[in-house]
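What's in protein.cif: mmCIF, C-alpha atoms and all ligand atoms
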data_start
#
loop_
_atom_site.label_atom_id
_atom_site.label_comp_id
_atom_site.auth_asym_id
_atom_site.auth_seq_id
_atom_site.Cartn_x
_atom_site.Cartn_y
_atom_site.Cartn_z
CA MET A 2 -90.36 44.37 -55.78
CA ARG A 3 -91.97 42.62 -52.85
CA SER A 4 -92.07 43.78 -49.24
CA PHE A 5 -89.45 42.62 -46.74
CA SER A 6 -88.35 43.41 -43.17
CA TYR A 7 -85.29 45.54 -42.60
CA VAL A 8 -82.72 45.17 -39.83
CA ASP A 9 -80.23 47.99 -39.41
CA ALA A 10 -77.12 46.47 -37.83
CA HIS A 11 -74.77 48.84 -36.00
CA SER A 12 -72.08 46.31 -35.15
CA VAL A 13 -70.68 43.08 -36.60
CA GLU A 14 -72.24 41.22 -33.62
CA GLU A 15 -75.69 42.65 -34.43
CA ALA A 16 -75.30 41.66 -38.08
CA VAL A 17 -74.18 38.11 -37.23
CA SER A 18 -77.00 37.74 -34.71
CA ALA A 19 -79.65 38.88 -37.25
CA LEU A 20 -78.23 36.75 -40.08
CA HIS A 21 -78.06 33.73 -37.78
CA ARG A 22 -81.58 34.30 -36.42
CA PHE A 23 -83.25 34.55 -39.83
CA GLY A 24 -81.03 31.97 -41.61
CA ALA A 25 -81.96 31.35 -45.25
CA LYS A 26 -84.69 34.01 -45.12
CA ALA A 27 -82.15 36.81 -44.65
CA ARG A 28 -79.83 38.61 -47.09
CA LEU A 29 -77.08 40.98 -46.18
CA ASN A 30 -77.19 44.41 -47.84
CA ALA A 31 -74.04 46.49 -48.30
CA GLY A 32 -74.00 48.97 -51.22
CA GLY A 33 -77.05 47.23 -52.66
CA THR A 34 -75.88 47.60 -56.28
CA ASP A 35 -76.19 43.85 -56.90
CA LEU A 36 -78.79 42.97 -54.30
CA LEU A 37 -81.38 45.48 -55.47
CA GLY A 38 -81.29 43.95 -58.96
CA LEU A 39 -82.04 40.58 -57.39
CA LEU A 40 -84.99 42.05 -55.47
CA LYS A 41 -86.39 43.86 -58.49
CA ASP A 42 -86.01 41.04 -61.01
CA GLU A 43 -87.16 38.29 -58.61
CA TYR A 44 -85.10 35.71 -60.46
CA LEU A 45 -84.41 33.40 -57.52
CA PRO A 46 -86.86 30.65 -56.46
CA THR A 47 -87.14 32.18 -52.96
CA TYR A 48 -87.45 35.86 -52.09
CA PRO A 49 -85.56 37.30 -49.09
CA GLU A 50 -87.87 38.10 -46.17
CA VAL A 51 -85.32 40.13 -44.22
CA LEU A 52 -82.56 42.49 -45.33
CA VAL A 53 -79.73 43.06 -42.87
CA ASN A 54 -78.10 46.41 -43.58
CA VAL A 55 -74.41 46.61 -42.62
CA LYS A 56 -73.58 50.03 -44.03
CA ASN A 57 -73.98 51.69 -40.63
CA ILE A 58 -71.30 49.57 -38.97
CA THR A 59 -68.45 51.96 -38.23
CA GLY A 60 -64.78 51.09 -38.69
CA LEU A 61 -65.29 48.52 -41.46
CA ASP A 62 -64.24 50.76 -44.34
CA SER A 63 -60.61 51.50 -43.56
CA VAL A 64 -57.42 50.65 -45.44
CA SER A 65 -54.43 50.23 -43.13
CA GLU A 66 -51.05 48.61 -42.95
CA GLU A 67 -50.47 46.59 -39.79
CA GLY A 68 -46.98 45.13 -39.64
CA SER A 69 -46.47 43.12 -42.80
CA VAL A 70 -50.18 42.89 -43.62
CA LEU A 71 -52.48 45.26 -45.49
CA ARG A 72 -56.02 45.21 -44.05
CA ILE A 73 -59.01 46.44 -46.00
CA GLY A 74 -62.40 46.66 -44.32
CA ALA A 75 -65.29 44.84 -45.98
CA LEU A 76 -67.20 48.10 -46.44
CA ALA A 77 -64.36 49.96 -48.17
CA ARG A 78 -65.87 51.42 -51.31
CA LEU A 79 -64.40 50.65 -54.71
CA SER A 80 -64.03 54.34 -55.57
CA GLU A 81 -61.88 54.83 -52.43
CA LEU A 82 -59.75 51.80 -53.30
CA GLY A 83 -59.26 53.02 -56.86
CA ARG A 84 -57.65 56.25 -55.59
CA SER A 85 -56.09 55.06 -52.31
CA PRO A 86 -52.48 56.40 -52.19
CA LEU A 87 -51.39 53.26 -50.31
CA LEU A 88 -52.82 50.93 -52.96
CA LEU A 89 -51.59 53.05 -55.84
CA GLU A 90 -48.09 52.93 -54.45
CA ARG A 91 -47.86 49.32 -53.23
CA TYR A 92 -50.74 47.36 -54.83
CA PRO A 93 -51.54 49.26 -58.04
CA ALA A 94 -53.03 46.16 -59.69
CA LEU A 95 -55.73 46.13 -56.99
CA ALA A 96 -56.40 49.86 -57.38
CA GLU A 97 -56.69 49.30 -61.16
CA ALA A 98 -59.06 46.37 -60.66
CA ALA A 99 -61.29 48.42 -58.35
CA TYR A 100 -61.24 51.25 -60.88
CA ALA A 101 -62.15 48.83 -63.71
CA VAL A 102 -65.46 47.91 -62.06
CA ALA A 103 -68.67 49.29 -63.58
CA SER A 104 -69.17 53.09 -63.52
CA PRO A 105 -68.22 55.92 -61.09
CA GLN A 106 -71.77 55.94 -59.69
CA ILE A 107 -71.62 52.22 -58.88
CA ARG A 108 -68.07 52.38 -57.52
CA ASN A 109 -69.13 55.20 -55.19
CA VAL A 110 -71.54 52.90 -53.34
CA ALA A 111 -70.27 49.36 -54.08
CA THR A 112 -68.16 47.79 -51.32
CA LEU A 113 -65.19 45.47 -51.67
CA ALA A 114 -66.93 42.57 -49.89
CA GLY A 115 -70.06 43.12 -51.99
CA ASN A 116 -67.92 42.96 -55.12
CA LEU A 117 -66.42 39.67 -53.97
CA CYS A 118 -69.78 38.18 -52.89
CA GLN A 119 -71.89 39.40 -55.84
CA ASP A 120 -74.02 36.83 -57.62
CA VAL A 121 -73.13 35.41 -61.03
CA ARG A 122 -74.24 37.08 -64.25
CA CYS A 123 -75.39 34.05 -66.28
CA ALA A 124 -78.28 35.28 -68.44
CA TYR A 125 -80.35 32.13 -67.78
CA TYR A 126 -79.94 32.52 -64.04
CA ARG A 127 -80.72 36.25 -64.02
CA TYR A 128 -83.68 36.04 -66.38
CA PRO A 129 -86.18 38.52 -64.86
CA SER A 130 -89.41 37.14 -63.49
CA GLN A 131 -91.41 39.94 -65.12
CA VAL A 132 -90.23 38.83 -68.60
CA GLY A 133 -92.10 35.54 -68.77
CA GLY A 134 -91.06 34.06 -65.42
CA ALA A 135 -87.76 33.08 -63.80
CA ILE A 136 -85.86 30.20 -65.44
CA GLY A 137 -84.86 27.13 -63.42
CA CYS A 138 -81.33 25.70 -63.56
CA ALA A 139 -78.77 23.71 -61.60
CA ARG A 140 -77.58 26.69 -59.57
CA LYS A 141 -81.17 27.23 -58.43
CA HIS A 142 -81.47 23.50 -57.64
CA ASN A 143 -84.37 23.12 -60.02
CA GLY A 144 -83.15 21.84 -63.37
CA PRO A 145 -80.04 21.15 -65.44
CA CYS A 146 -77.50 23.78 -66.43
CA LEU A 147 -78.97 25.43 -69.52
CA ALA A 148 -75.66 26.92 -70.62
CA VAL A 149 -74.09 23.53 -71.40
CA LYS A 150 -76.24 23.05 -74.50
CA GLY A 151 -77.21 26.69 -74.87
CA ASP A 152 -75.47 30.06 -75.11
CA ASN A 153 -72.23 29.56 -73.22
CA ARG A 154 -70.17 32.33 -74.84
CA TYR A 155 -69.51 34.00 -71.49
CA HIS A 156 -69.14 30.90 -69.35
CA ALA A 157 -66.28 29.04 -67.69
CA ILE A 158 -63.39 27.49 -69.57
CA MET A 159 -61.95 26.05 -66.36
CA GLY A 160 -63.33 24.60 -63.15
CA GLY A 161 -67.03 24.46 -64.05
CA LYS A 162 -69.04 21.59 -62.63
CA LYS A 163 -72.85 21.42 -62.73
CA CYS A 164 -72.77 25.24 -63.03
CA PHE A 165 -70.50 27.00 -65.53
CA ALA A 166 -71.12 30.61 -64.53
CA VAL A 167 -67.96 32.63 -63.94
CA CYS A 168 -67.06 34.81 -60.98
CA PRO A 169 -67.75 38.35 -62.23
CA SER A 170 -65.62 40.15 -59.63
CA ASP A 171 -62.69 42.19 -60.96
CA THR A 172 -61.18 42.79 -57.53
CA ALA A 173 -61.06 39.05 -56.76
CA VAL A 174 -58.49 38.63 -59.56
CA ALA A 175 -56.00 41.15 -58.17
CA LEU A 176 -56.56 39.84 -54.63
CA ALA A 177 -55.83 36.29 -55.84
CA ALA A 178 -52.53 37.45 -57.35
CA PHE A 179 -51.55 38.89 -53.96
CA ASP A 180 -52.48 35.74 -51.96
CA ALA A 181 -55.16 37.70 -50.12
CA SER A 182 -57.49 36.11 -47.56
CA LEU A 183 -60.98 37.05 -46.48
CA THR A 184 -61.77 37.40 -42.79
CA VAL A 185 -65.16 35.82 -42.14
CA THR A 186 -67.14 36.40 -38.93
CA GLY A 187 -70.04 34.17 -37.94
CA PRO A 188 -71.89 32.71 -34.97
CA HIS A 189 -68.89 30.51 -34.12
CA GLY A 190 -66.28 33.27 -34.29
CA GLU A 191 -63.82 34.41 -36.92
CA TYR A 192 -61.79 32.53 -39.52
CA SER A 193 -59.73 33.29 -42.57
CA ILE A 194 -60.09 31.84 -46.09
CA PRO A 195 -57.81 32.49 -49.09
CA VAL A 196 -59.68 34.29 -51.86
CA VAL A 197 -58.77 31.50 -54.33
CA ASP A 198 -60.57 28.98 -52.07
CA PHE A 199 -63.63 31.16 -51.47
CA TYR A 200 -65.47 30.21 -54.66
CA ALA A 201 -67.00 26.91 -55.75
CA PRO A 202 -68.95 26.11 -58.94
CA MET A 203 -72.42 26.45 -57.34
CA ALA A 204 -71.86 29.31 -54.84
CA HIS A 205 -69.28 30.97 -52.66
CA ARG A 206 -68.42 29.27 -49.38
CA LEU A 207 -70.12 31.53 -46.81
CA LYS A 208 -72.62 29.76 -44.56
CA HIS A 209 -75.82 31.27 -43.20
CA GLY A 210 -75.03 33.69 -40.39
CA GLU A 211 -71.57 34.55 -41.73
CA LEU A 212 -70.29 37.73 -43.29
CA VAL A 213 -67.01 38.97 -44.68
CA THR A 214 -65.59 41.58 -42.32
CA GLY A 215 -62.21 42.25 -43.92
CA ILE A 216 -59.58 41.36 -46.48
CA GLU A 217 -55.92 40.79 -45.61
CA ILE A 218 -53.02 40.98 -48.06
CA PRO A 219 -49.53 39.86 -47.06
CA ALA A 220 -46.81 42.39 -47.92
CA VAL A 221 -45.45 42.09 -51.44
CA SER A 222 -42.49 43.72 -53.13
CA LEU A 223 -43.41 43.23 -56.76
CA GLN A 224 -42.40 46.29 -58.73
CA GLN A 225 -44.29 45.75 -61.96
CA GLN A 226 -48.03 45.21 -61.58
CA ARG A 227 -50.80 45.24 -64.12
CA PHE A 228 -54.53 44.55 -64.26
CA LEU A 229 -55.90 44.08 -67.77
CA LYS A 230 -59.54 43.52 -68.64
CA PHE A 231 -61.12 42.60 -71.95
CA ALA A 232 -64.80 43.58 -72.14
CA LEU A 233 -67.21 44.12 -75.03
CA ARG A 234 -68.37 47.62 -74.02
CA ARG A 235 -65.38 49.45 -72.72
CA PRO A 236 -66.80 52.17 -70.43
CA ILE A 237 -68.97 49.79 -68.37
CA ASP A 238 -69.11 46.05 -68.71
CA PHE A 239 -68.20 42.80 -67.03
CA ALA A 240 -64.96 41.14 -68.10
CA ILE A 241 -64.87 38.51 -70.81
CA VAL A 242 -61.42 37.81 -69.37
CA SER A 243 -59.30 39.73 -66.88
CA VAL A 244 -55.72 39.25 -65.75
CA ALA A 245 -53.65 40.50 -62.82
CA VAL A 246 -49.91 40.11 -63.11
CA ALA A 247 -47.17 41.19 -60.71
CA THR A 248 -43.48 40.62 -61.33
CA SER A 249 -40.14 41.34 -59.74
CA VAL A 250 -37.00 41.34 -61.90
CA VAL A 251 -33.50 41.19 -60.39
CA ASP A 252 -30.36 41.25 -62.58
CA GLY A 253 -32.47 40.77 -65.68
CA VAL A 254 -34.28 37.63 -64.53
CA CYS A 255 -37.67 37.11 -62.94
CA SER A 256 -37.25 36.60 -59.18
CA ASP A 257 -40.96 36.53 -58.33
CA VAL A 258 -44.15 36.50 -60.37
CA ARG A 259 -47.88 36.20 -59.76
CA ILE A 260 -50.42 35.56 -62.51
CA ALA A 261 -54.17 35.42 -61.82
CA LEU A 262 -57.00 35.17 -64.33
CA GLY A 263 -60.63 36.21 -63.93
CA ALA A 264 -63.98 35.55 -65.65
CA ILE A 265 -62.80 32.16 -66.90
CA ALA A 266 -63.85 30.00 -63.92
CA PRO A 267 -66.16 29.99 -60.86
CA GLY A 268 -63.42 31.90 -59.02
CA PRO A 269 -60.13 33.63 -59.80
CA VAL A 270 -57.47 31.21 -61.11
CA ARG A 271 -53.78 31.36 -60.20
CA ALA A 272 -51.52 30.18 -63.03
CA ARG A 273 -48.94 28.51 -60.79
CA GLU A 274 -47.32 26.37 -63.50
CA ALA A 275 -46.72 29.48 -65.61
CA GLU A 276 -45.31 31.32 -62.59
CA GLU A 277 -42.92 28.44 -61.88
CA PHE A 278 -41.82 28.41 -65.52
CA LEU A 279 -40.93 32.13 -65.48
CA ARG A 280 -38.95 32.22 -62.23
CA GLY A 281 -35.22 32.54 -62.96
CA LYS A 282 -35.78 33.46 -66.63
CA PRO A 283 -35.74 36.83 -68.37
CA ILE A 284 -39.23 38.07 -69.26
CA ASN A 285 -39.32 38.57 -73.02
CA ALA A 286 -41.69 37.84 -75.90
CA GLU A 287 -40.65 34.19 -76.04
CA THR A 288 -40.93 33.36 -72.31
CA ALA A 289 -44.09 35.47 -71.92
CA SER A 290 -45.74 33.54 -74.78
CA ALA A 291 -44.73 30.21 -73.31
CA ALA A 292 -45.99 31.24 -69.84
CA ALA A 293 -49.28 32.43 -71.32
CA GLU A 294 -49.76 29.08 -73.11
CA LEU A 295 -49.05 27.26 -69.85
CA ALA A 296 -51.54 29.47 -67.97
CA LEU A 297 -54.32 28.28 -70.27
CA SER A 298 -53.17 24.69 -70.70
CA GLY A 299 -55.91 23.41 -68.37
CA ALA A 300 -58.76 25.05 -70.32
CA LYS A 301 -61.77 22.87 -71.18
CA THR A 302 -63.99 24.92 -73.40
CA LEU A 303 -67.74 24.59 -74.01
CA SER A 304 -69.32 24.71 -77.48
CA ARG A 305 -69.18 28.50 -77.93
CA ASN A 306 -66.52 29.89 -75.61
CA GLY A 307 -63.25 28.63 -77.13
CA TYR A 308 -62.42 32.22 -78.16
CA LYS A 309 -61.80 33.04 -74.48
CA VAL A 310 -58.61 30.95 -74.54
CA ALA A 311 -57.09 33.17 -77.23
CA ILE A 312 -58.09 36.35 -75.39
CA ALA A 313 -56.76 35.09 -72.06
CA THR A 314 -53.47 33.97 -73.62
CA THR A 315 -53.01 37.37 -75.24
CA LEU A 316 -53.86 39.24 -72.03
CA VAL A 317 -51.38 37.23 -69.94
CA LYS A 318 -48.65 37.82 -72.49
CA ARG A 319 -49.40 41.55 -72.74
CA ALA A 320 -49.54 41.95 -68.97
CA LEU A 321 -46.18 40.22 -68.58
CA LEU A 322 -44.61 42.42 -71.25
CA GLY A 323 -46.14 45.60 -69.84
CA GLU A 324 -48.33 46.28 -72.85
CA VAL A 325 -51.65 48.13 -72.66
CA ALA A 326 -55.11 46.58 -72.33
CA ALA A 327 -56.61 44.80 -75.30
CA GLY A 328 -60.25 45.76 -74.96
C1 LIG B 1 -74.31 47.98 -64.42
C2 LIG B 1 -73.36 47.18 -63.57
C3 LIG B 1 -72.08 46.93 -64.07
C4 LIG B 1 -71.17 46.21 -63.29
N1 LIG B 1 -69.93 45.96 -63.77
C5 LIG B 1 -69.04 45.28 -63.01
C6 LIG B 1 -67.70 45.05 -63.45
O1 LIG B 1 -67.31 45.49 -64.53
N2 LIG B 1 -66.87 44.36 -62.63
C7 LIG B 1 -67.26 43.89 -61.41
O2 LIG B 1 -66.45 43.30 -60.70
N3 LIG B 1 -68.51 44.07 -60.98
C8 LIG B 1 -69.40 44.77 -61.73
N4 LIG B 1 -70.66 44.98 -61.28
C9 LIG B 1 -71.06 44.41 -60.01
C10 LIG B 1 -70.80 45.40 -58.90
O3 LIG B 1 -69.42 45.54 -58.77
C11 LIG B 1 -71.40 44.82 -57.64
O4 LIG B 1 -72.79 45.02 -57.75
C12 LIG B 1 -70.90 45.53 -56.41
O5 LIG B 1 -69.52 45.44 -56.27
C13 LIG B 1 -71.56 44.88 -55.20
O6 LIG B 1 -71.17 45.59 -54.06
P1 LIG B 1 -72.31 46.11 -53.04
O7 LIG B 1 -71.61 46.65 -51.87
O8 LIG B 1 -73.26 47.04 -53.74
O9 LIG B 1 -73.00 44.74 -52.70
P2 LIG B 1 -74.53 44.38 -52.43
O10 LIG B 1 -75.34 44.55 -53.65
O11 LIG B 1 -75.00 45.04 -51.20
O12 LIG B 1 -74.33 42.82 -52.14
C14 LIG B 1 -73.97 41.93 -53.16
C15 LIG B 1 -74.01 40.51 -52.61
O13 LIG B 1 -72.96 40.32 -51.70
C16 LIG B 1 -73.46 40.01 -50.40
N5 LIG B 1 -72.60 40.75 -49.46
C17 LIG B 1 -72.34 42.09 -49.48
N6 LIG B 1 -71.46 42.39 -48.50
C18 LIG B 1 -71.19 41.23 -47.86
C19 LIG B 1 -70.36 40.91 -46.75
N7 LIG B 1 -69.65 41.84 -46.10
N8 LIG B 1 -70.30 39.63 -46.35
C20 LIG B 1 -71.02 38.68 -46.99
N9 LIG B 1 -71.84 38.92 -48.04
C21 LIG B 1 -71.90 40.19 -48.47
C22 LIG B 1 -74.91 40.46 -50.40
O14 LIG B 1 -75.68 39.71 -49.50
C23 LIG B 1 -75.30 40.23 -51.84
O15 LIG B 1 -75.63 38.86 -52.01
C24 LIG B 1 -71.58 45.73 -62.01
C25 LIG B 1 -72.87 45.99 -61.53
C26 LIG B 1 -73.74 46.71 -62.30
C27 LIG B 1 -75.11 46.98 -61.74
S1 LIG B 2 -74.23 28.29 -65.82
FE1 LIG B 2 -74.97 28.05 -63.73
S2 LIG B 2 -76.33 29.79 -63.46
FE2 LIG B 2 -76.08 29.50 -65.66
S3 LIG B 2 -77.70 28.11 -66.36
FE3 LIG B 2 -75.94 26.84 -65.83
S4 LIG B 2 -76.32 26.26 -63.68
FE4 LIG B 2 -77.59 28.05 -64.11
#
Let me see the file written as structure tokens.
Ligand SMILES: Cc1cc2nc3c(=O)[nH]c(=O)nc-3n(C[C@H](O)[C@H](O)[C@H](O)COP(=O)(O)OP(=O)(O)OC[C@H]3O[C@@H](n4cnc5c(N)ncnc54)[C@H](O)[C@@H]3O)c2cc1C
Ligand code: SF4
Amino acid sequence: MRSFSYVDAHSVEEAVSALHRFGAKARLNAGGTDLLGLLKDEYLPTYPEVLVNVKNITGLDSVSEEGSVLRIGALARLSELGRSPLLLERYPALAEAAYAVASPQIRNVATLAGNLCQDVRCAYYRYPSQVGGAIGCARKHNGPCLAVKGDNRYHAIMGGKKCFAVCPSDTAVALAAFDASLTVTGPHGEYSIPVVDFYAPMAHRLKHGELVTGIEIPAVSLQQQRFLKFALRRPIDFAIVSVAVATSVVDGVCSDVRIALGAIAPGPVRAREAEEFLRGKPINAETASAAAELALSGAKTLSRNGYKVAIATTLVKRALLGEVAAG
């Protein structure tokens, strides 16, 4: 680990000012569970010179309902979200997604915004400097994407372009199902961006000087909600595929449905065609299978990740039918 300067921000304004002042040299530190790995492994071409700590900003960790909107502060910890009575009652798929992240120790310090803004897990990208030197690639702007002709078992089956790393965030998937938006504060004020628009193939869309200050979810009345995650090592591992599904059934037919998939693209993917197909129909084995096929109809697999289509199709179907997780 190299030395760096440390700025302890006590307000959003102080954090924005420091991030703006130091530009590309600065990195924001929340729980540090992802950032410290970056600092230790030195896998990026440039090393941060300044860390801006936001953990001491008060009032950014609350969960509250304001009118028809649920607001979650950027610094809300995943462990709190996993056991929040409000989430468990109204947005259980989000509580389940928060609970599905990593281990209790990590969830106790990891923040929601940190989970959404964490860096990708591509093994080429994260190759530690101390093990023979960092590896260049398209995401680092110094080479081609090595996964295209290499080991792409865990890479994108949708939406990849130049970079095929997937968004590793579990919470992003549930938030996408609920049409959530991120509140971003920067030197030019505040704006809102839907979570499904926040991610692009090469990076998320925050600019220097900006930080996520909150997450807003419009009220939903979807009675059945599920978050399912398929991972190789069950107690602690990133998703191979994850799915968040929420449905409402009136008089035996589906009146509303949301289907979001994770770990298959640079960001969470809403399966809108599948949702449209299910509305007005009963949810049974036949319609759930057809919806699941539709959800994956846009998949474009790489040489070694075609298996993800089968897993994703099965997870969507199981989530719609209320069956338990597959892995
Ligand atoms: C062993 C292990 C297993 C894991 N398994 C999973 C898993 O199964 N599922 C999953 O989803 N994740 C998993 N993770 C990732 C983990 O969830 C993230 O490290 C954590 O959520 C990041 O939150 P943090 O508050 O610690 O962020 P930090 O490490 O502090 O920050 C992470 C990144 O986000 C940026 N950032 C943080 N807060 C903000 C903000 N408010 N505005 C703008 N940028 C911000 C930072 O600058 C940094 O680039 C795992 C991590 C580890 C180490
Ligand atoms: S998938 Fe992205 S991060 Fe991985 S090697 Fe390709 S460009 Fe780099």
Give the residues close to ligand LIG 1 (chain B), within 7 Å, counting only C-alpha atoms and all ligand atoms; write them as a count of residues only. 40
Could you name the residues that touch region 10-26 of chain A at 7 Å or less, counting all atoms listed in the file, but leaving out those on the same chain fewer than 3 positions away, as a list in words?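 Here the answer would be Pro49, Glu50, Val51, Val53, Asn54, Val55, Asn57, Ile58, Gly187, Pro188, His209, Gly210 and Glu211 of chain A.
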Taking all atoms listed in the file into account, which of A:Ala135, A:Ala181, A:Val149, A:Ile216 comes nearest Ser63 (chain A)?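 Among the listed residues, A:Ile216 lies closest to Ser63 (chain A).
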Just want the 10 Å neighbourhood of Asn153 (chain A), counted on all atoms listed in the file, with same-chain residues fewer than 5 positions away dropped. Output as a short mmCIF file (atom, residue, chain, number, x, y, z; two decimals) with C-alpha atoms, in the frame of the given file.
data_model
loop_
_atom_site.label_atom_id
_atom_site.label_comp_id
_atom_site.auth_asym_id
_atom_site.auth_seq_id
_atom_site.Cartn_x
_atom_site.Cartn_y
_atom_site.Cartn_z
CA CYS A 123 -75.39 34.05 -66.28
CA ALA A 124 -78.28 35.28 -68.44
CA LEU A 147 -78.97 25.43 -69.52
CA ALA A 148 -75.66 26.92 -70.62
CA ILE A 158 -63.39 27.49 -69.57
CA PHE A 165 -70.50 27.00 -65.53
CA ALA A 166 -71.12 30.61 -64.53
CA THR A 302 -63.99 24.92 -73.40
CA LEU A 303 -67.74 24.59 -74.01
CA SER A 304 -69.32 24.71 -77.48
CA ARG A 305 -69.18 28.50 -77.93
CA ASN A 306 -66.52 29.89 -75.61
CA GLY A 307 -63.25 28.63 -77.13
#
Could you work out an axis-aligned box for ligand LIG 2 (chain B), taking every atom the file lists and adding 6 Å on each side, and report centre and edge lengths in Å to one decimal, as AutoDock Vina command-line options?
--center_x -76.0 --center_y 28.0 --center_z -64.9 --size_x 15.5 --size_y 15.5 --size_z 14.9
Using all atoms listed in the file, which residues of the polymer chains come no farther than 9 Å from ligand LIG 2 (chain B)? I'd like the answer as number ranges by chain. A: 121-127, 136-142, 144-149, 151, 153, 156-157, 161-167, 202-203
Nearest residue to Leu223 (chain A) from the set A:Thr59, A:Thr314, A:Thr186, A:Ser256 (distances using all atoms listed in the file):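 Checking each of A:Thr59, A:Thr314, A:Thr186, A:Ser256 against Leu223 (chain A), counting all atoms listed in the file, the winner is A:Ser256.
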So how far away is CA of Ala296 (chain A) from CA of Leu95 (chain A), in Å? 20.4 Å
One decimal place gives the CA of Ala173 (chain A)-CA of Asp198 (chain A) separation as 11.1 Å
Could you tell me how far CA of Gln131 (chain A) lies from CA of Arg154 (chain A), in Å and to one decimal?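 Interatomic distance, CA of Gln131 (chain A) to CA of Arg154 (chain A): 24.6 Å.
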Nearest to Pro129 (chain A) among A:Val254, A:Leu88, A:Ala300, A:Leu45, with distances taken over only C-alpha atoms: which residue is it? A:Leu45
Test item: residues at most 12 Å from Lys230 (chain A), all atoms listed in the file, excluding those fewer than 2 positions along its chain, as a PyMOL selection string: chain A and resi 94+97-103+169-172+174-175+227-228+232-246+261-265+312-313+315-317+319-320+325-328
Given the selection you just returned, output its residues as a file containing C-alpha atoms, formatted as a PDB file, in the coordinates of the input.
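Result file out-v5.pdb:
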ATOM      1  CA  ALA A  94     -53.030  46.160 -59.690  1.00  0.00           C
ATOM      2  CA  GLU A  97     -56.690  49.300 -61.160  1.00  0.00           C
ATOM      3  CA  ALA A  98     -59.060  46.370 -60.660  1.00  0.00           C
ATOM      4  CA  ALA A  99     -61.290  48.420 -58.350  1.00  0.00           C
ATOM      5  CA  TYR A 100     -61.240  51.250 -60.880  1.00  0.00           C
ATOM      6  CA  ALA A 101     -62.150  48.830 -63.710  1.00  0.00           C
ATOM      7  CA  VAL A 102     -65.460  47.910 -62.060  1.00  0.00           C
ATOM      8  CA  ALA A 103     -68.670  49.290 -63.580  1.00  0.00           C
ATOM      9  CA  PRO A 169     -67.750  38.350 -62.230  1.00  0.00           C
ATOM     10  CA  SER A 170     -65.620  40.150 -59.630  1.00  0.00           C
ATOM     11  CA  ASP A 171     -62.690  42.190 -60.960  1.00  0.00           C
ATOM     12  CA  THR A 172     -61.180  42.790 -57.530  1.00  0.00           C
ATOM     13  CA  VAL A 174     -58.490  38.630 -59.560  1.00  0.00           C
ATOM     14  CA  ALA A 175     -56.000  41.150 -58.170  1.00  0.00           C
ATOM     15  CA  ARG A 227     -50.800  45.240 -64.120  1.00  0.00           C
ATOM     16  CA  PHE A 228     -54.530  44.550 -64.260  1.00  0.00           C
ATOM     17  CA  ALA A 232     -64.800  43.580 -72.140  1.00  0.00           C
ATOM     18  CA  LEU A 233     -67.210  44.120 -75.030  1.00  0.00           C
ATOM     19  CA  ARG A 234     -68.370  47.620 -74.020  1.00  0.00           C
ATOM     20  CA  ARG A 235     -65.380  49.450 -72.720  1.00  0.00           C
ATOM     21  CA  PRO A 236     -66.800  52.170 -70.430  1.00  0.00           C
ATOM     22  CA  ILE A 237     -68.970  49.790 -68.370  1.00  0.00           C
ATOM     23  CA  ASP A 238     -69.110  46.050 -68.710  1.00  0.00           C
ATOM     24  CA  PHE A 239     -68.200  42.800 -67.030  1.00  0.00           C
ATOM     25  CA  ALA A 240     -64.960  41.140 -68.100  1.00  0.00           C
ATOM     26  CA  ILE A 241     -64.870  38.510 -70.810  1.00  0.00           C
ATOM     27  CA  VAL A 242     -61.420  37.810 -69.370  1.00  0.00           C
ATOM     28  CA  SER A 243     -59.300  39.730 -66.880  1.00  0.00           C
ATOM     29  CA  VAL A 244     -55.720  39.250 -65.750  1.00  0.00           C
ATOM     30  CA  ALA A 245     -53.650  40.500 -62.820  1.00  0.00           C
ATOM     31  CA  VAL A 246     -49.910  40.110 -63.110  1.00  0.00           C
ATOM     32  CA  ALA A 261     -54.170  35.420 -61.820  1.00  0.00           C
ATOM     33  CA  LEU A 262     -57.000  35.170 -64.330  1.00  0.00           C
ATOM     34  CA  GLY A 263     -60.630  36.210 -63.930  1.00  0.00           C
ATOM     35  CA  ALA A 264     -63.980  35.550 -65.650  1.00  0.00           C
ATOM     36  CA  ILE A 265     -62.800  32.160 -66.900  1.00  0.00           C
ATOM     37  CA  ILE A 312     -58.090  36.350 -75.390  1.00  0.00           C
ATOM     38  CA  ALA A 313     -56.760  35.090 -72.060  1.00  0.00           C
ATOM     39  CA  THR A 315     -53.010  37.370 -75.240  1.00  0.00           C
ATOM     40  CA  LEU A 316     -53.860  39.240 -72.030  1.00  0.00           C
ATOM     41  CA  VAL A 317     -51.380  37.230 -69.940  1.00  0.00           C
ATOM     42  CA  ARG A 319     -49.400  41.550 -72.740  1.00  0.00           C
ATOM     43  CA  ALA A 320     -49.540  41.950 -68.970  1.00  0.00           C
ATOM     44  CA  VAL A 325     -51.650  48.130 -72.660  1.00  0.00           C
ATOM     45  CA  ALA A 326     -55.110  46.580 -72.330  1.00  0.00           C
ATOM     46  CA  ALA A 327     -56.610  44.800 -75.300  1.00  0.00           C
ATOM     47  CA  GLY A 328     -60.250  45.760 -74.960  1.00  0.00           C
TER      48      GLY A 328
END
Identify which of the residues A:Val185, A:Cys255, A:Ala27, A:Val270 lies closest to Val197 (chain A), counting only C-alpha atoms when measuring atom-to-atom distances.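 Looking only at the distances to Val197 (chain A), the closest residue turns out to be A:Val270.
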Pick from A:Arg91, A:Lys41, A:Arg84, A:Arg3: nearest to Ala220 (chain A), with only C-alpha atoms counted?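 Among the listed residues, the smallest separation from Ala220 (chain A) belongs to A:Arg91.
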When distances are computed from all atoms listed in the file, which of A:Ala201, A:Ile194, A:Val70, A:Val221 shows the smallest separation from Ala178 (chain A)?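 Counting all atoms listed in the file, the residue closest to Ala178 (chain A) is A:Val221.
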